[in-house]
Structures are given as structure tokens and as C-alpha cells.
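Scroll down for the structure; my scribbles are underneath it.
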Amino acid sequence: MHNASTGRYAAVLAAGIGVILIAAYISLTNGSFDMTVLDIVRTLLRIDPQPEHDLVILEFRLPRIVIAVLVGIGLGIAGAVIQGITRNGLADPGILGINAGASAAMVIFLFFYQGQVKGTGWTAILTMPLFGLAGGLLAALLIYLFAWKDGRLEPQRLLLTGIAIGSGLGALTLFLTLKMNASDFEMAVVWNSGSIYNANWKYIASILPWLVCLIPVIVSKSAILDVFKLDEDIVIGIGVSSEKEKAMLILCSIGIVSACVSVSGGIGFIGLMAPHIAKRLVGHFHRYMIPVCGLVGAALVLVSDTIGKLLFAPAELPVGIVIAIIGVPYFIFLLSRKKSR
């Protein structure tokens with residue numbers, strides 16, 4: 001990429017941040033309790049703070065915006081890694097069964113914490129990503145075992161195994177959900193469809209360390225993700241320990257996806273759409289693509305959440321459903337493009 005492309009990259013980053021700020025502004029000012037920009041500035045700068053403004057902005061709206069951005073960044077970047085490893089533009093954490101594994105573990109967590117989740121303290125909230133991670137790792141381990149052939153990971157087997165294991169774990173999740181009492185069942189169903197309506201600062205504290213630790217590792221391996229576009233034998237021939245690098249990158253993705261699933265439930269399609277949009281905007285080099293994937297993911301989740309919150313007010317549509325409404329046609333469009341080639 002030359003200077004012109006670097007300029008384009010900077011413009012794309014600026015546009016992405018602009019979209020996120022506009023969506024955040026709309027989300028902060030609108031809702032069942034409308035507020036002006038002045039109200040928000042005064043509340044944030046602590047100039048003559050009003051208790052009701054504090055409650056609406058600092059307890060409800062701001063944590064929700066921050067969670068939407070963090071989850072979007074995480075899922076977008078994880079999607080780029082998984083598409084890079086499998087060399088398949090239709091792969092994403094959901095298709096690989098990682099979401100299903102993390103979701104199943106989270107539903108098991110909700111099942112054993114029945115009735116206590118709303119009042120859970122720090123211990124339970126910080127344990128949630130660990131449950132998600134355990135589920136994601138278990139799903140990945142099963143997928144690895146079935147997709148491993150002749151000493152290497154076969155991308156096509158990886159995808160097919162992921163779909164099969166994802167379906168099985170989805171059935172387990174549904175079975176456990178049906179065994180819950182009425183209030184927990186309702187919560188689990190909304191959570192499973194992907195929702196961030198009960199976001200709070202504890203959730204942000206539980207997801208942040210995972211993103212802060214794992215995203216830099218992925219960014220540092222951008223060049224290796226570029227190398228994975230080459231034939232497997234060439235990758236080994238130029239001295240890259242292919243399986244070790246794949247395992248490290250998949251582990252980082254599972255950690256990120258599990259942390260996201262633990263606070264937002266099963267939001268699909270972000271990991272599929274963000275890398276495609278990023279490639280169209282800044283090309284195929286991962287050092288440019290990964291940050292843009294994060295921004296696109298953040299914008300998609302935040303804009304979808306804002307639409308779900310405001311379009312059907314006073315009722316709310318979970319963010320996962322809004323994204324699916326956008327994502328399904330996009331997925332079909334990608335499939336038809338792949339066929340026509």
C-alpha cells in the first residue's frame with residue numbers, strides 16, 4: 001500500500017469513527033426519556049448534575065453504547081482471523097460453532113444460577129466470560145479433533161465440522177432453556193437472540209481485559225494472516241510453523257468471541273460482514289484490514305442496537321435480530337457472488 005492508500009485508510013478510519021459518534025449521539029439523546037446535548041454534556045462534565053439524568057445516561061445508555069462498540073470490535077476482528085485461517089470468505093465464529101459453544105456454556109451458567117443472575121455480584125459477572133471461554137474452547141477442541149487430517153487442519157473439514165457441532169450445541173442450549181423457570185427462560189431467550197439491553201459497567205469490566213490482551217496479539221500477527229493466503233506447502237516452505245500459528249490465532253479468536261458472547265448473547269453475522277466490508281474499503285492486507293474490521297463491527301452493532309431501540313419504541317427489538325435482518329440478505333448476496341465467479 002502506497003501513500004494514496006494510506007490516505008484512504010486514514011479516511012476510512014475517520015469515517016468509521018464518525019458513524020460511531022453519530023450513532024452514539026442518537027442513542028444517548030433519544031429514548032423513552034429524551035435529552036438534549038446540553039443535558040448530556042452537563043451530566044458527563046458533572047456541571048449541576050441531575051439524579052434522573054445520571055441514571056438515564058450513566059446507568060442505562062452509556063454502558064449500552066460502550067458494550068455495543070466493544071462487542072462489535074471483538075466480533076469483527078475475530079471474524080477476520082477465522083476467514084484468514086480457513087481461507088473462506090463465508091466463515092465466521094457463528095458458522096464455526098464457537099458462538100454455539102460459548103452460548104451453551106452461558107446457558108448452563110444461567111441454568112445453575114437460576115433466579116440469581118439479575119442480582120449477581122462481581123464474582124458471577126467476571127466468571128461469565130470464563131464459562132463462555134470454556135464452552136468456546138470445548139467446541140473448538142471438538143472441531144479440531146474432527147477437522148484434523150494427516151497432521152494438519154483442513155479448512156473445508158473445519159467448516160463442515162463447525163456447522164455440525166454448532167447445531168448440536170444449539171439443540172443442547174434449547175433443551176436447557178426449556179427446562180428453566182418462566183423468568184429465566186424469558187431472559188435466556190432474549191439473551192440467546194443477541195441482546196445488550198441490560199448492559200452495565202460490570203459487564204464492561206469483564207469484557208475489556210480480554211480485548212485489551214488478545215487484540216494486540218492478533219494485530220502483531222497480521223503478516224502471518226497475509227501469508228495464510230498462500231498454498232499450505234508454500235507457507236511451510238517459507239518457514240512459518242503453520243499449525244502453531246493457526247492454533248494461537250484460533251485461541252485468541254475464541255477468547256474474544258467467548259467474552260463477547262458472555263455479555264451480549266449470540267450475535268451473528270458481524271464476523272461475516274465486517275471482513276468483507278473492510279476488504280472493499282482498504283484491501284486485503286491484514287494490518288490495515290483488522291483495525292477497520294473492528295470499526296465496521298462496532299458501527300454495525302451500535303447502529304443496529306439504536307435501530308432496535310428506537311424504531312419499535314416503546315418495545316425493543318434485540319440487536320441480534322436487527323443484525324440478522326441485515327445479515328441474511330448480505331449472506332445470500334455473498335453466496336450468489338461466489339457462484340457467479
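Identifiers in this document derive from the order of the C-alpha cells: chains are assigned A, B, ..., residues are numbered from 1 separately in each chain, and ligands are numbered from 1 in order of occurrence.
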field: 12 Å contact set for Lys244 in chain A, only C-alpha atoms, chain neighbours under 4 positions out, as a PyMOL selection string
entry: chain A and resi 85+151-153+224+236+239-240+248-251
Quick one: residues within 7 Å of range 278-290 of chain A, only C-alpha atoms, excluding same-chain residues fewer than 4 positions away - as a PDB file with all heavy atoms, in the first residue's frame?
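File produced: out.pdb:
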ATOM      1  N   TYR A   9      -6.880   4.805   3.919  1.00  0.00           N
ATOM      2  CA  TYR A   9      -7.010   4.092   5.198  1.00  0.00           C
ATOM      3  C   TYR A   9      -7.380   5.073   6.311  1.00  0.00           C
ATOM      4  O   TYR A   9      -8.301   4.830   7.094  1.00  0.00           O
ATOM      5  CB  TYR A   9      -5.682   3.389   5.496  1.00  0.00           C
ATOM      6  CG  TYR A   9      -5.582   2.719   6.841  1.00  0.00           C
ATOM      7  CD1 TYR A   9      -6.440   1.687   7.198  1.00  0.00           C
ATOM      8  CD2 TYR A   9      -4.601   3.102   7.770  1.00  0.00           C
ATOM      9  CE1 TYR A   9      -6.333   1.056   8.429  1.00  0.00           C
ATOM     10  CE2 TYR A   9      -4.491   2.478   9.000  1.00  0.00           C
ATOM     11  CZ  TYR A   9      -5.357   1.459   9.329  1.00  0.00           C
ATOM     12  OH  TYR A   9      -5.254   0.839  10.546  1.00  0.00           O
ATOM     13  N   ILE A  77     -13.115  -8.394  14.499  1.00  0.00           N
ATOM     14  CA  ILE A  77     -11.710  -8.839  14.410  1.00  0.00           C
ATOM     15  C   ILE A  77     -11.624 -10.366  14.424  1.00  0.00           C
ATOM     16  O   ILE A  77     -10.871 -10.963  13.649  1.00  0.00           O
ATOM     17  CB  ILE A  77     -10.871  -8.188  15.536  1.00  0.00           C
ATOM     18  CG1 ILE A  77     -10.714  -6.695  15.240  1.00  0.00           C
ATOM     19  CG2 ILE A  77      -9.508  -8.861  15.680  1.00  0.00           C
ATOM     20  CD1 ILE A  77     -10.041  -5.882  16.315  1.00  0.00           C
ATOM     21  N   ALA A  80     -12.380 -11.681  11.024  1.00  0.00           N
ATOM     22  CA  ALA A  80     -11.264 -11.513  10.072  1.00  0.00           C
ATOM     23  C   ALA A  80     -10.238 -12.628  10.250  1.00  0.00           C
ATOM     24  O   ALA A  80      -9.717 -13.180   9.268  1.00  0.00           O
ATOM     25  CB  ALA A  80     -10.598 -10.151  10.285  1.00  0.00           C
ATOM     26  N   VAL A 219      -3.174  -8.380  16.078  1.00  0.00           N
ATOM     27  CA  VAL A 219      -2.606  -7.316  15.236  1.00  0.00           C
ATOM     28  C   VAL A 219      -1.134  -7.607  14.940  1.00  0.00           C
ATOM     29  O   VAL A 219      -0.659  -7.429  13.810  1.00  0.00           O
ATOM     30  CB  VAL A 219      -2.788  -5.932  15.910  1.00  0.00           C
ATOM     31  CG1 VAL A 219      -2.020  -4.843  15.171  1.00  0.00           C
ATOM     32  CG2 VAL A 219      -4.269  -5.568  15.975  1.00  0.00           C
ATOM     33  N   SER A 222      -0.538  -9.933  11.952  1.00  0.00           N
ATOM     34  CA  SER A 222      -1.183  -9.561  10.682  1.00  0.00           C
ATOM     35  C   SER A 222      -0.448 -10.137   9.481  1.00  0.00           C
ATOM     36  O   SER A 222      -1.065 -10.632   8.539  1.00  0.00           O
ATOM     37  CB  SER A 222      -1.231  -8.043  10.530  1.00  0.00           C
ATOM     38  OG  SER A 222      -1.929  -7.473  11.588  1.00  0.00           O
ATOM     39  N   ALA A 223       0.895 -10.065   9.516  1.00  0.00           N
ATOM     40  CA  ALA A 223       1.694 -10.537   8.367  1.00  0.00           C
ATOM     41  C   ALA A 223       1.502 -12.041   8.163  1.00  0.00           C
ATOM     42  O   ALA A 223       1.457 -12.520   7.026  1.00  0.00           O
ATOM     43  CB  ALA A 223       3.165 -10.216   8.599  1.00  0.00           C
ATOM     44  N   LEU A 225      -1.204 -13.759   8.905  1.00  0.00           N
ATOM     45  CA  LEU A 225      -2.526 -13.943   8.292  1.00  0.00           C
ATOM     46  C   LEU A 225      -2.465 -13.684   6.781  1.00  0.00           C
ATOM     47  O   LEU A 225      -3.146 -14.344   6.005  1.00  0.00           O
ATOM     48  CB  LEU A 225      -3.552 -13.009   8.951  1.00  0.00           C
ATOM     49  CG  LEU A 225      -4.146 -13.506  10.269  1.00  0.00           C
ATOM     50  CD1 LEU A 225      -4.866 -12.384  10.992  1.00  0.00           C
ATOM     51  CD2 LEU A 225      -5.101 -14.673  10.052  1.00  0.00           C
ATOM     52  N   ASP A 226      -1.624 -12.718   6.368  1.00  0.00           N
ATOM     53  CA  ASP A 226      -1.425 -12.483   4.922  1.00  0.00           C
ATOM     54  C   ASP A 226      -0.796 -13.706   4.252  1.00  0.00           C
ATOM     55  O   ASP A 226      -1.177 -14.095   3.155  1.00  0.00           O
ATOM     56  CB  ASP A 226      -0.527 -11.257   4.691  1.00  0.00           C
ATOM     57  CG  ASP A 226      -1.227  -9.951   5.046  1.00  0.00           C
ATOM     58  OD1 ASP A 226      -2.471  -9.933   5.049  1.00  0.00           O
ATOM     59  OD2 ASP A 226      -0.537  -8.964   5.325  1.00  0.00           O
ATOM     60  N   ALA A 274     -18.211  -7.849   8.607  1.00  0.00           N
ATOM     61  CA  ALA A 274     -17.150  -6.847   8.822  1.00  0.00           C
ATOM     62  C   ALA A 274     -15.918  -7.075   7.941  1.00  0.00           C
ATOM     63  O   ALA A 274     -15.430  -6.126   7.312  1.00  0.00           O
ATOM     64  CB  ALA A 274     -16.777  -6.797  10.304  1.00  0.00           C
ATOM     65  N   GLY A 294     -12.638  -4.037  13.082  1.00  0.00           N
ATOM     66  CA  GLY A 294     -13.099  -3.657  14.420  1.00  0.00           C
ATOM     67  C   GLY A 294     -14.058  -2.474  14.368  1.00  0.00           C
ATOM     68  O   GLY A 294     -15.120  -2.492  14.998  1.00  0.00           O
TER      69      GLY A 294
END
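Ranking A:Pro49, A:Gly101, A:Gly132, A:Gly76 by their shortest atom-to-atom distance to Ala164 in chain A, with only C-alpha atoms included, puts A:Gly101 first.
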- line: Across A:Ile20, A:Ile307, A:Leu295, A:Val261, the smallest distance to Ser195 in chain A, with only C-alpha atoms counted, is shown by A:Val261
field: Close residues, Ile165 in chain A itself excluded, 12 Å, only C-alpha atoms, min 4 positions apart in chain, as a count of residues only
entry: 30
Residue neighbourhood Tyr203 in chain A, 9 Å, only C-alpha atoms, exclusion window fewer than 3 positions, as JSON, numbers by chain: {"A": [63, 67, 125, 126, 199, 200, 206, 207, 208, 262, 263]}
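Across the model, the gap from CA of Lys221 in chain A to CA of Val19 in chain A is 27.8 Å.
Assigned to strand (DSSP E) in range 32-211 of chain A, given DSSP computed from backbone atoms, are Trp148, Lys149, Arg152 and Leu153 of chain A.
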Can those selected residues be exported to a file as a compact mmCIF listing (two decimals), in the first residue's frame so that it contains C-alpha atoms?
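Output file part.txt is given in full below:
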# COMPACT_ATOMS: atom_id res chain seq x y z
CA TRP A 148 -7.52 -32.70 11.80
CA LYS A 149 -6.32 -34.89 8.94
CA ARG A 152 -2.79 -30.62 9.50
CA LEU A 153 -6.00 -28.64 9.87
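Considering the residues A:Pro318, A:Gly84, A:Pro209, A:Pro51 and counting only C-alpha atoms, Pro129 in chain A has its shortest atom-to-atom contact with A:Pro209.
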message: Taking 4 positions as the minimum chain separation for residues in the same chain, which residues sit within 8 Å of Arg87 in chain A when counting only C-alpha atoms? Answer as a list of chain:residue names.
response: A:Gln83, A:Pro155, A:Phe228, A:Lys229
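Distance-wise, CA of Lys246 in chain A and CA of Leu133 in chain A end up 17.8 Å apart.
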Distance query Gly31 in chain A at most 12 Å, only C-alpha atoms, self and fewer than 6 positions along chain excluded, as a compact mmCIF listing (two decimals) with N, CA, C and O atoms, in the first residue's frame:
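Below is the file selection-v3.txt, written as the result:
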# COMPACT_ATOMS: atom_id res chain seq x y z
N TYR A 25 -24.51 9.48 19.58
CA TYR A 25 -25.25 10.72 19.87
C TYR A 25 -26.76 10.46 19.81
O TYR A 25 -27.51 10.83 20.72
N VAL A 56 -30.24 7.87 33.71
CA VAL A 56 -30.50 7.53 32.30
C VAL A 56 -29.20 7.42 31.52
O VAL A 56 -28.99 6.46 30.77
N ILE A 57 -28.29 8.38 31.70
CA ILE A 57 -27.06 8.40 30.88
C ILE A 57 -26.03 7.42 31.42
O ILE A 57 -25.54 6.56 30.69
N PHE A 60 -27.83 3.56 32.19
CA PHE A 60 -28.53 2.83 31.11
C PHE A 60 -27.88 3.02 29.74
O PHE A 60 -27.46 2.06 29.11
N ARG A 61 -27.82 4.27 29.27
CA ARG A 61 -27.46 4.48 27.86
C ARG A 61 -25.98 4.37 27.57
O ARG A 61 -25.58 3.74 26.58
N THR A 306 -29.26 0.79 18.04
CA THR A 306 -30.01 2.05 18.05
C THR A 306 -31.31 1.91 17.26
O THR A 306 -32.36 2.37 17.70
N ILE A 307 -31.25 1.21 16.11
CA ILE A 307 -32.46 0.95 15.31
C ILE A 307 -33.45 0.11 16.12
O ILE A 307 -34.63 0.43 16.21
N GLY A 308 -32.95 -0.98 16.72
CA GLY A 308 -33.81 -1.88 17.50
C GLY A 308 -34.46 -1.19 18.68
O GLY A 308 -35.58 -1.52 19.09
N LYS A 309 -33.76 -0.19 19.23
CA LYS A 309 -34.23 0.52 20.42
C LYS A 309 -35.28 1.58 20.05
O LYS A 309 -36.26 1.75 20.76
N LEU A 310 -35.04 2.29 18.95
CA LEU A 310 -35.87 3.46 18.65
C LEU A 310 -37.00 3.18 17.66
O LEU A 310 -38.07 3.78 17.75
N LEU A 311 -36.77 2.28 16.71
CA LEU A 311 -37.74 2.09 15.62
C LEU A 311 -39.05 1.48 16.11
O LEU A 311 -40.11 1.78 15.58
N PHE A 312 -38.95 0.62 17.14
CA PHE A 312 -40.15 -0.08 17.60
C PHE A 312 -40.58 0.39 18.99
O PHE A 312 -41.29 -0.31 19.69
N ALA A 313 -40.07 1.56 19.42
CA ALA A 313 -40.36 2.07 20.77
C ALA A 313 -41.88 2.16 20.97
O ALA A 313 -42.61 2.46 20.04
N PRO A 314 -42.38 1.88 22.19
CA PRO A 314 -41.65 1.57 23.42
C PRO A 314 -41.12 0.13 23.50
O PRO A 314 -40.35 -0.18 24.40
N ALA A 315 -41.53 -0.76 22.58
CA ALA A 315 -40.95 -2.12 22.59
C ALA A 315 -39.53 -2.06 22.04
O ALA A 315 -39.16 -1.08 21.40
N GLU A 316 -38.74 -3.09 22.34
CA GLU A 316 -37.35 -3.13 21.84
C GLU A 316 -37.11 -4.41 21.09
O GLU A 316 -37.56 -5.48 21.49
query: What residues in range 1-115 of chain A get the DSSP label alpha helix (DSSP H)? Please answer as JSON, numbers by chain.
result: {"A": [3, 4, 5, 6, 7, 8, 9, 10, 11, 12, 13, 14, 15, 16, 17, 18, 19, 20, 21, 22, 23, 24, 25, 26, 27, 28, 29, 37, 38, 39, 40, 41, 42, 43, 44, 51, 52, 53, 54, 62, 63, 64, 65, 66, 67, 68, 69, 70, 71, 72, 73, 74, 75, 76, 77, 78, 79, 80, 81, 82, 83, 84, 85, 86, 98, 99, 100, 101, 102, 103, 104, 105, 106, 107, 108, 109, 110, 111, 112]}
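The space between CA of Gly268 in chain A and CA of Ile326 in chain A spans 10.7 Å.
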